[in-house]
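Notes for the one structure printed next.
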Amino acid sequence: MHTLISGQSFSGKTFLAKTLCARFRKFRNCIVLDPFLDDWDCDFKTNDSDEFLTIAKKNRNCCLFIDESGSSIGRGNDAVRLHWLATQARHWGHRSYFILQRITQIEPLIRSQCSEFFAFRGSANDAKILIDETGDAAFENLPHLPRFCFVHKKPFEPSKIQKLRA
């Protein structure tokens, strides 16, 4: 199962991702690709996507966090080598977390492999795409969500609007 965390800047998505990373690190290794090399409670962090892939492929059963996925992964031919994170990493027991501002920043192929969504405030277009791709009308709330609130959609469960807790 892979996860997509989306939302406007300062909506809370990176705070949530770092919280999940710290929580999961208690029982799984966590590997982070972050172009800004921010402070993460993780086992390995890099801003080099080739190094990130190499480490991920040498390990098993890790949580893989890809911050700023829109620029870290890219689109088109630039993104092909990182499609592995969505299409094959699960065969290594990995769970990938794609963190991005706009849904359209990553290709539909990657989005289609995500079964859990944390969607913070976003555009009406982002809401429409998520509704179309998941069939869940709760995403229509995205343009109106207050700061730190998000739609949480788990597979085979009704979605919920939740608020981050500090």
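Following the order of the structure tokens, first chain is A, next is B, and so on, with residues numbered from 1 inside each chain and ligands from 1 in the order they appear.
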
Would you give me, as a Markdown table, each residue of region 13-44 of chain A having an atom within 8 Å of an atom of region 83-106 of chain A, along with its shortest atom pair and that distance in Å to one decimal, using only C-alpha atoms and sorting by chain and residue number?
| residue | atom | partner | partner_atom | distance |
| --- | --- | --- | --- | --- |
| A:Lys13 | CA | A:Ile99 | CA | 7.2 |
| A:Thr14 | CA | A:Ile99 | CA | 7.3 |
| A:Ala17 | CA | A:Ile99 | CA | 7.6 |

query = Quick one: DSSP strand (DSSP E or B) residues in chain A, as a ChimeraX atom specification?
reply = /A:2-6,30-33,44-46,63-66,95-100,114-120,149-153,160-163

request  = May I have the residues within 9 Å of region 36-44 of chain A as a PyMOL selection string, using only C-alpha atoms and disregarding those fewer than 4 positions away in the same chain?
outcome  = chain A and resi 18-19+21-22+25+29-32+52+55+67-68

query = What gap, in Å, lies between CA of Arg165 (chain A) and CA of Ala124 (chain A)?
reply = 25.5 Å

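Of the listed residues A:Ile129, A:Leu82, A:Cys62, A:Phe24, the one whose atoms come nearest to Ser49 (chain A) is A:Leu82, with distances taken using only C-alpha atoms.
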
message = Give me, as a ChimeraX atom specification, all polymer residues having an atom no more than 7 Å from His152 (chain A), counting only C-alpha atoms and skipping those fewer than 2 positions away in the same chain.
response = /A:117-119,150,154,159-162

Since we have the selection now, will you write its residues out, keeping N, CA and C atoms, as a PDB file, in the first residue's frame?
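Result went into result.pdb, see below:
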ATOM      1  N   PHE A 117      -4.810   8.199   1.063  1.00  0.00           N
ATOM      2  CA  PHE A 117      -4.654   9.607   0.725  1.00  0.00           C
ATOM      3  C   PHE A 117      -4.839  10.471   1.966  1.00  0.00           C
ATOM      4  N   PHE A 118      -3.942  11.436   2.119  1.00  0.00           N
ATOM      5  CA  PHE A 118      -4.091  12.523   3.084  1.00  0.00           C
ATOM      6  C   PHE A 118      -4.102  13.783   2.224  1.00  0.00           C
ATOM      7  N   ALA A 119      -5.279  14.351   1.996  1.00  0.00           N
ATOM      8  CA  ALA A 119      -5.391  15.501   1.096  1.00  0.00           C
ATOM      9  C   ALA A 119      -5.765  16.738   1.904  1.00  0.00           C
ATOM     10  N   PHE A 150      -7.559  17.824   6.790  1.00  0.00           N
ATOM     11  CA  PHE A 150      -7.338  17.022   5.593  1.00  0.00           C
ATOM     12  C   PHE A 150      -8.412  15.957   5.455  1.00  0.00           C
ATOM     13  N   LYS A 154      -8.673   5.875   3.429  1.00  0.00           N
ATOM     14  CA  LYS A 154      -8.012   4.583   3.509  1.00  0.00           C
ATOM     15  C   LYS A 154      -8.721   3.629   2.552  1.00  0.00           C
ATOM     16  N   SER A 159     -14.079   7.804   3.837  1.00  0.00           N
ATOM     17  CA  SER A 159     -13.109   8.868   4.140  1.00  0.00           C
ATOM     18  C   SER A 159     -13.593   9.701   5.312  1.00  0.00           C
ATOM     19  N   LYS A 160     -12.636  10.387   5.953  1.00  0.00           N
ATOM     20  CA  LYS A 160     -12.935  11.232   7.112  1.00  0.00           C
ATOM     21  C   LYS A 160     -12.195  12.532   6.965  1.00  0.00           C
ATOM     22  N   ILE A 161     -12.814  13.609   7.404  1.00  0.00           N
ATOM     23  CA  ILE A 161     -12.099  14.883   7.520  1.00  0.00           C
ATOM     24  C   ILE A 161     -11.520  14.927   8.922  1.00  0.00           C
ATOM     25  N   GLN A 162     -10.199  15.122   8.993  1.00  0.00           N
ATOM     26  CA  GLN A 162      -9.511  15.130  10.276  1.00  0.00           C
ATOM     27  C   GLN A 162      -8.649  16.373  10.397  1.00  0.00           C
TER      28      GLN A 162
END

Within 6 Å of Cys114 (chain A) using only C-alpha atoms, minus same-chain residues under 2 positions, as a compact mmCIF listing (two decimals) with all heavy atoms, in the first residue's frame:
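Produced file selection.txt, reproduced below:
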# COMPACT_ATOMS: atom_id res chain seq x y z
N HIS A 2 0.62 2.15 -0.92
CA HIS A 2 1.35 3.41 -0.99
C HIS A 2 0.41 4.55 -0.63
O HIS A 2 -0.80 4.42 -0.72
CB HIS A 2 1.94 3.62 -2.39
CG HIS A 2 2.90 2.54 -2.79
ND1 HIS A 2 3.93 2.10 -1.99
CD2 HIS A 2 2.97 1.81 -3.92
CE1 HIS A 2 4.60 1.15 -2.61
NE2 HIS A 2 4.04 0.95 -3.78
N THR A 3 1.00 5.68 -0.25
CA THR A 3 0.24 6.81 0.28
C THR A 3 0.62 8.08 -0.44
O THR A 3 1.80 8.33 -0.71
CB THR A 3 0.50 6.95 1.79
OG1 THR A 3 0.11 5.74 2.44
CG2 THR A 3 -0.25 8.12 2.39
N ARG A 111 -0.03 7.96 -9.03
CA ARG A 111 -1.24 8.17 -8.22
C ARG A 111 -2.09 6.90 -8.17
O ARG A 111 -2.66 6.57 -7.14
CB ARG A 111 -2.08 9.32 -8.77
CG ARG A 111 -1.47 10.68 -8.59
CD ARG A 111 -2.48 11.79 -8.81
NE ARG A 111 -3.24 11.69 -10.04
CZ ARG A 111 -2.92 12.29 -11.19
NH1 ARG A 111 -1.81 13.01 -11.27
NH2 ARG A 111 -3.69 12.16 -12.25
N SER A 112 -2.16 6.19 -9.29
CA SER A 112 -3.01 5.00 -9.35
C SER A 112 -2.53 3.87 -8.45
O SER A 112 -3.29 2.97 -8.12
CB SER A 112 -3.12 4.50 -10.79
OG SER A 112 -1.90 3.91 -11.21
N GLU A 116 -3.95 4.99 -0.13
CA GLU A 116 -4.27 5.84 1.02
C GLU A 116 -3.94 7.28 0.65
O GLU A 116 -2.92 7.54 0.00
CB GLU A 116 -3.48 5.42 2.26
CG GLU A 116 -3.83 6.25 3.49
CD GLU A 116 -3.11 5.78 4.74
OE1 GLU A 116 -1.98 5.27 4.65
OE2 GLU A 116 -3.70 5.95 5.83

ask   = Which residue gives the smallest distance to Leu130 (chain A) among A:Ser69, A:Asn47, A:Ser115, A:Asn59, with only C-alpha atoms counted?
value =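 Result for the nearest residue to Leu130 (chain A): A:Ser115.
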
request  = Give me the residues within 8 Å of Leu145 (chain A) as number ranges by chain, counting only C-alpha atoms and dropping any in the same chain fewer than 4 places off.
outcome  = A: 120-121, 141, 149-150
